[in-house]
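One structure below.
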There are 4 protein chains.
Amino acid sequence: MDRTAYHRTVPRKQSATRAGIAPEAETKSARTRARILDAAAHVLSVKGYAGTRLSDVAEYAEIQAPAIYYYFSSREELIEEVMFAGIAEMRRYLKDVVDGLPADMSPMDKILTAVEAHLRHELELSDYTTASIRNSGQIPEHLRSRQRKEEVGYGRLWRKLFDEALAEGMIDPDLDVRTAQLLVMGGLNWAAEWFDPRKFSIDEVVRNAQTLVRNGLLSHK
Amino acid sequence: MDRTAYHRTVPRKQSATRAGIAPEAETKSARTRARILDAAAHVLSVKGYAGTRLSDVAEYAEIQAPAIYYYFSSREELIEEVMFAGIAEMRRYLKDVVDGLPADMSPMDKILTAVEAHLRHELELSDYTTASIRNSGQIPEHLRSRQRKEEVGYGRLWRKLFDEALAEGMIDPDLDVRTAQLLVMGGLNWAAEWFDPRKFSIDEVVRNAQTLVRNGLLSHK
Amino acid sequence: MDRTAYHRTVPRKQSATRAGIAPEAETKSARTRARILDAAAHVLSVKGYAGTRLSDVAEYAEIQAPAIYYYFSSREELIEEVMFAGIAEMRRYLKDVVDGLPADMSPMDKILTAVEAHLRHELELSDYTTASIRNSGQIPEHLRSRQRKEEVGYGRLWRKLFDEALAEGMIDPDLDVRTAQLLVMGGLNWAAEWFDPRKFSIDEVVRNAQTLVRNGLLSHK
Amino acid sequence: MDRTAYHRTVPRKQSATRAGIAPEAETKSARTRARILDAAAHVLSVKGYAGTRLSDVAEYAEIQAPAIYYYFSSREELIEEVMFAGIAEMRRYLKDVVDGLPADMSPMDKILTAVEAHLRHELELSDYTTASIRNSGQIPEHLRSRQRKEEVGYGRLWRKLFDEALAEGMIDPDLDVRTAQLLVMGGLNWAAEWFDPRKFSIDEVVRNAQTLVRNGLLSHK
DNA sequence: CATGAATGAGCCTTCATTCAT
DNA sequence: AATGAATGAAGGCTCATTCAT
């Protein structure tokens with residue numbers, strides 16, 4: 001298998017310094033709104049749900065706290081949107097990547113492409129993703145409905161890939177696909193906790209993860 | 001390889017309903033203190049650092065909130081102790097398990113034993129572990145020194161196992177041991193986020209994780 | 001000696017009902033801040049350092065307690081400022097009075113002018129002064145540095161007057177100037193404890209104090 | 001006038017290190033009670049009414065806080081007793097001293113004796129006295145009835161002396177006796193605020209106060 | 001659009017007090 | 001006679017939120 005083939009299919013994300021997911025907005029108003037969202041994602045990823053103070057968000061966004069209310073009707077709505085945006089964007093991105101793959105690519109290569117897409121998105125756009133990932137267990141239930149739907153949808157993308165691989169006999173029969181999928185995705189999610197761009201390169205992490213996943217899932221009989 | 005051989009070396013943990021790490025204490029005072037710690041671990045794992053209210057801890061421990069101050073001098077001290085206890089206990093446990101293994105066991109089997117030990121401890125005693133794991137990024141720096149030391153120590157235990165396996169040529173040369181170790185441990189850590197005893201058995205999760213790890217690390221040339 | 005000569009040099013202070021030292025402020029914000037300070041001075045003078053509750057201060061200032069934090073970052077800062085303002089204002093006032101005296105006035109007459117200034121300030125603006133005076137022994141050390149400096153400066157003003165009188169041979173040689181000064185100032189300070197405008201007039205108290213001090217210090221040989 | 005004549009009439013108080021007013025008690029129980037009272041006087045004089053914590057009193061008395069309740073039914077009762085004891089003891093002491101004076105002693109010399117007695121009692125036994133003096137303005141009304149009665153009685157002792165002096169024409173006719181008396185007593189009371197045994201000797205303070213008072217009151221026409 | 005000013009709710013913490021031992 | 005353990009009440013402080021400007 002050509003290990004570099006799928007590489008090219010995953011575009012580089014914007015630089016981590018920009019770190020926002022909101023599009024470069026036209027109106028000033030939309031830009032302020034985006035800045036608030038970005039700031040909230042950042043604070044949320046660092047301080048957690050209960051620790052996210054509007055004053056911190058405001059400071060990071062370089063506005064006054066009450067100004068937030070011009071764009072969001074409450075702290076909860078703002079946070080809900082960050083949590084949703086994190087996973088929704090991730091899902092949309094993975095879907096685009098997978099849909100863009102050649103129809104004849106092997107299921108395992110598709111999975112490895114997904115591994116790369118997930119890692120790049122998580123580690124390069126880390127605020128939204130880690131906000132969404134780290135806090136999904138701490139957020140009150142009533143803020144999670146949209147996010148949960150996206151999570152399920154996101155999981156479904158992966159499930160399809162795993163199911164295809166299973167159907168083609170590429171998965172070690174000792175494994176339960178569902179459990180294996182969760183363990184794999186967990187390994188990827190957790191990378192945000194230890195990844196430090198000064199110690200690792202993303203490419204390196206991607207390569208190792210792909211090797212580990214391919215080895216791990218493949219039937220070696 | 002006999003997949004059940006190392007199984008027997010990892011003892012069952014106490015049932016998850018007890019969920020505490022403090023020993024069954026002698027004096028009533030020590031028992032109250034332990035109950036508070038257990039309660040704090042529980043709340044912390046669910047609500048996160050900033051969301052952990054002493055009133056919730058007290059309610060869970062079936063005391064009044066100010067009683068906490070009879071045993072801990074501040075909310076911070078209580079939380080610090082939970083965070084420390086979670087990882088310290090995990091480390092002590094893994095060390096005992098590994099030290100008890102037969103000297104001639106293969107490095108890979110040792111790793112698989114560690115996988116099982118980590119998962120059982122995490123999923124059965126989940127409050128302390130998930131508290132420690134989930135909040136390690138949200139807790140103020142000054143509360144983390146003891147915990148961090150334990151984390152390093154814990155990582156060293158795993159590192160030794162991986163290094164042995166590497167030395168014996170059991171690790172796929174395409175992998176960087178350090179990165180692979182972090183990805184593996186992440187997959188295990190994350191299990192606390194999705195594991196639901198009503199949908200999975202711990203044995204099943206352990207078995208899948210072991211297969212995945214063995215396949216994933218092993219050289220298949 | 002014409003006992004009324006120095007009288008005219010000491011202006012009447014504003015009425016005790018206003019009781020504040022802050023200038024009639026321009027902005028509403030500054031007025032609220034001044035109201036809080038005045039209220040704190042009042043409560044502090046009555047209840048003492050430890051007994052001063054922000055809720056009482058707030059009630060007296062006709063705001064809600066948390067509003068205090070908009071103007072002062074802590075209870076301690078508020079109290080520190082009251083304590084400082086009390087003595088600083090007193091010092092500034094006495095300095096102005098003394099500096100305005102004719103150069104050829106006799107040292108004893110200057111002392112008597114100071115006696116009057118001290119008493120008027122203390123008894124008419126009593127909240128700040130009694131707050132500062134009564135609590136100077138109960139306040140934690142770290143809140144006293146600015147106040148202490150003012151106290152020293154205030155004492156120096158008096159010291160100069162006493163030294164002049166000594167130099168001109170007007171002090172009874174049986175007296176130690178320093179001790180006499182402390183006893184005299186104590187008598188004046190203490191007046192806030194017993195002075196009741198319904199039973200005494202300030203003019204009367206001033207006159208008696210002046211007589212007592214002049215007689216007391218003067219050499220009668 | 002022989003300035004040393006009245007000196008001998010005022011006995012030295014017990015050393016300041018003992019600092020208690022309770023008699024050397026017989027039973028251990030009575031001794032503990034006395035220790036608590038002494039401790040309360042000390043804390044009260046330093047921290048003020050609201051700042052006096054039973055835990056501090058207990059620590060100073062070298063017992064546990066709840067033990068106080070074996071001897072006093074509440075914090076208020078304990079404080080009330082200290083406040084009362086301070087002034088009551090002062091009054092009893094001054095009365096004994098004055099009653100012991102030769103019938104033919106001049107009224108002014110009697111006043112000077114009182115000056116000495118007041119200062120010695122205040123500066124040597126300072127805890128009770130300063131507790132009583134400093135807090136008399138901060139204590140809730142319902143704790144003051146016994147103390148107030150003693151204060152009035154104590155004031156009456158002084159009043160008699162001043163009235164005698166007035167009757168014998170020894171008081172400057174420019175003075176109002178009542179006002180003069182309050183100013184004099186204030187000067188003495190305040191001495192506790194500045195007196196520092198490392199800088200002054202009590203004898204020296206007494207001598208200066210006597211000179212000042214004699215000069216101050218005396219008619220010099 | 002944005003901010004200065006203010007408030008209500010809630011949390012951590014302290015402390016007098018109680019009670020069983 | 002004294003203490004360990006616990007509680008109820010209250011106070012300082014923070015923070016989301018509102019509102020007039």
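Identifiers in the structure tokens: chain A, B, ... in order shown; residue index from 1 per chain; ligand index from 1 in order shown.
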Would you mind listing, as a compact mmCIF listing (two decimals) with N, CA, C and O atoms (P, O5', C5', C4', C3', O3' and C1' of nucleotides), in the first residue's frame, all residues of chain E that have at least one atom within 12 Å of chain C, where only C-alpha atoms (C1' of nucleotides) are what counts?
# COMPACT_ATOMS: atom_id res chain seq x y z
P DG E 4 -16.90 51.54 30.02
O5' DG E 4 -17.59 52.38 31.18
C5' DG E 4 -18.21 53.62 30.86
C4' DG E 4 -19.28 53.93 31.90
C3' DG E 4 -18.91 53.58 33.33
O3' DG E 4 -19.48 54.58 34.16
C1' DG E 4 -20.81 52.33 32.68
P DA E 5 -19.24 54.56 35.73
O5' DA E 5 -20.54 53.83 36.27
C5' DA E 5 -21.80 54.45 36.02
C4' DA E 5 -22.90 53.57 36.56
C3' DA E 5 -22.68 53.05 37.99
O3' DA E 5 -23.81 53.42 38.74
C1' DA E 5 -23.34 51.28 36.54
P DA E 6 -23.85 53.21 40.31
O5' DA E 6 -24.73 51.90 40.43
C5' DA E 6 -26.01 51.91 39.83
C4' DA E 6 -26.56 50.51 39.78
C3' DA E 6 -26.46 49.75 41.11
O3' DA E 6 -27.78 49.63 41.61
C1' DA E 6 -25.90 48.37 39.23
P DT E 7 -28.04 48.91 43.01
O5' DT E 7 -28.53 47.47 42.51
C5' DT E 7 -29.46 47.40 41.44
C4' DT E 7 -29.80 45.95 41.18
C3' DT E 7 -29.93 45.11 42.46
O3' DT E 7 -31.03 44.26 42.29
C1' DT E 7 -28.34 44.13 41.02
P DG E 8 -31.87 43.74 43.55
O5' DG E 8 -31.86 42.19 43.22
C5' DG E 8 -32.13 41.77 41.87
C4' DG E 8 -31.86 40.29 41.74
C3' DG E 8 -32.14 39.45 42.98
O3' DG E 8 -32.61 38.20 42.52
C1' DG E 8 -29.83 39.34 42.47
P DA E 9 -33.10 37.09 43.55
O5' DA E 9 -32.06 35.92 43.22
C5' DA E 9 -31.61 35.75 41.88
C4' DA E 9 -30.46 34.77 41.87
C3' DA E 9 -30.51 33.72 42.98
O3' DA E 9 -30.15 32.48 42.41
C1' DA E 9 -28.47 34.90 43.10
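If you take only C-alpha atoms (C1' of nucleotides) and a cut-off of 8 Å, the residues of chain A that reach chain F are Arg53, Leu54 and Arg75 of chain A.
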Just the selected residues (N, CA and C atoms), exported as a compact mmCIF listing (two decimals), in the first residue's frame, please.
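New file part-v6.txt:
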# COMPACT_ATOMS: atom_id res chain seq x y z
N ARG A 53 -16.10 32.21 32.13
CA ARG A 53 -16.74 33.47 32.55
C ARG A 53 -16.87 34.40 31.36
N LEU A 54 -17.99 35.05 31.29
CA LEU A 54 -18.19 35.98 30.17
C LEU A 54 -17.12 37.07 30.19
N ARG A 75 -25.35 33.44 28.19
CA ARG A 75 -24.12 32.65 28.27
C ARG A 75 -24.37 31.24 27.73
Surrounding residues of Glu76 of chain D excluding itself and chain neighbours under 6 positions, 10 Å, only C-alpha atoms (C1' of nucleotides), as a PyMOL selection string: chain D and resi 49+82+139-140+142-143
Convert the current residue selection to file output with all heavy atoms, as a PDB file, in the first residue's frame.
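result21.pdb, freshly written:
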ATOM      1  N   TYR D  49     -14.526  44.460  69.877  1.00  0.00           N
ATOM      2  CA  TYR D  49     -15.675  43.621  70.203  1.00  0.00           C
ATOM      3  C   TYR D  49     -15.977  42.604  69.110  1.00  0.00           C
ATOM      4  O   TYR D  49     -15.990  41.399  69.345  1.00  0.00           O
ATOM      5  CB  TYR D  49     -16.904  44.502  70.446  1.00  0.00           C
ATOM      6  CG  TYR D  49     -18.162  43.702  70.558  1.00  0.00           C
ATOM      7  CD1 TYR D  49     -18.369  42.846  71.637  1.00  0.00           C
ATOM      8  CD2 TYR D  49     -19.147  43.770  69.569  1.00  0.00           C
ATOM      9  CE1 TYR D  49     -19.523  42.091  71.739  1.00  0.00           C
ATOM     10  CE2 TYR D  49     -20.298  43.017  69.664  1.00  0.00           C
ATOM     11  CZ  TYR D  49     -20.485  42.175  70.747  1.00  0.00           C
ATOM     12  OH  TYR D  49     -21.617  41.421  70.843  1.00  0.00           O
ATOM     13  N   VAL D  82     -15.979  40.845  81.075  1.00  0.00           N
ATOM     14  CA  VAL D  82     -14.694  41.522  80.950  1.00  0.00           C
ATOM     15  C   VAL D  82     -14.892  43.039  81.014  1.00  0.00           C
ATOM     16  O   VAL D  82     -14.190  43.744  81.743  1.00  0.00           O
ATOM     17  CB  VAL D  82     -13.987  41.151  79.631  1.00  0.00           C
ATOM     18  CG1 VAL D  82     -12.782  42.040  79.389  1.00  0.00           C
ATOM     19  CG2 VAL D  82     -13.583  39.693  79.644  1.00  0.00           C
ATOM     20  N   ILE D 139     -19.698  48.189  71.749  1.00  0.00           N
ATOM     21  CA  ILE D 139     -20.458  47.069  72.294  1.00  0.00           C
ATOM     22  C   ILE D 139     -21.966  47.319  72.201  1.00  0.00           C
ATOM     23  O   ILE D 139     -22.420  48.442  72.407  1.00  0.00           O
ATOM     24  CB  ILE D 139     -19.999  46.850  73.753  1.00  0.00           C
ATOM     25  CG1 ILE D 139     -19.134  45.631  73.781  1.00  0.00           C
ATOM     26  CG2 ILE D 139     -21.165  46.747  74.689  1.00  0.00           C
ATOM     27  CD1 ILE D 139     -18.643  45.298  75.140  1.00  0.00           C
ATOM     28  N   PRO D 140     -22.728  46.277  71.873  1.00  0.00           N
ATOM     29  CA  PRO D 140     -24.191  46.444  71.796  1.00  0.00           C
ATOM     30  C   PRO D 140     -24.751  46.919  73.146  1.00  0.00           C
ATOM     31  O   PRO D 140     -24.261  46.518  74.213  1.00  0.00           O
ATOM     32  CB  PRO D 140     -24.683  45.029  71.498  1.00  0.00           C
ATOM     33  CG  PRO D 140     -23.530  44.300  70.944  1.00  0.00           C
ATOM     34  CD  PRO D 140     -22.297  44.942  71.515  1.00  0.00           C
ATOM     35  N   HIS D 142     -27.242  46.240  74.943  1.00  0.00           N
ATOM     36  CA  HIS D 142     -27.741  45.334  75.989  1.00  0.00           C
ATOM     37  C   HIS D 142     -26.626  44.663  76.797  1.00  0.00           C
ATOM     38  O   HIS D 142     -26.903  43.997  77.789  1.00  0.00           O
ATOM     39  CB  HIS D 142     -28.662  44.272  75.377  1.00  0.00           C
ATOM     40  CG  HIS D 142     -27.941  43.275  74.512  1.00  0.00           C
ATOM     41  ND1 HIS D 142     -27.582  43.543  73.202  1.00  0.00           N
ATOM     42  CD2 HIS D 142     -27.515  42.018  74.751  1.00  0.00           C
ATOM     43  CE1 HIS D 142     -26.976  42.489  72.688  1.00  0.00           C
ATOM     44  NE2 HIS D 142     -26.914  41.555  73.607  1.00  0.00           N
ATOM     45  N   LEU D 143     -25.387  44.850  76.370  1.00  0.00           N
ATOM     46  CA  LEU D 143     -24.289  44.286  77.160  1.00  0.00           C
ATOM     47  C   LEU D 143     -23.681  45.333  78.090  1.00  0.00           C
ATOM     48  O   LEU D 143     -22.751  45.046  78.827  1.00  0.00           O
ATOM     49  CB  LEU D 143     -23.184  43.756  76.233  1.00  0.00           C
ATOM     50  CG  LEU D 143     -23.549  42.597  75.317  1.00  0.00           C
ATOM     51  CD1 LEU D 143     -22.333  42.146  74.530  1.00  0.00           C
ATOM     52  CD2 LEU D 143     -24.103  41.437  76.136  1.00  0.00           C
TER      53      LEU D 143
END
Which residue of C:Ala167, C:Leu94, C:Ser45, C:Glu116 approaches chain D most closely, using only C-alpha atoms: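 Ranked by minimum distance to chain D, first place goes to C:Ser45.
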Test item: residues at most 12 Å from Glu150 of chain B, only C-alpha atoms (C1' of nucleotides), excluding those fewer than 5 positions along its chain, as a ChimeraX atom specification: /B:83-92,95,132,144-145,155-157
Interface residues on chain C facing chain D, 6 Å, only C-alpha atoms, written as a PyMOL selection string: chain C and resi 46-47+50-51+138+175+183+186-187+190+208+212+215-216
Distance in Å - atom CA of Leu101 of chain B versus atom CA of Pro197 of chain B: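 Interatomic distance, atom CA of Leu101 of chain B to atom CA of Pro197 of chain B: 28.4 Å.
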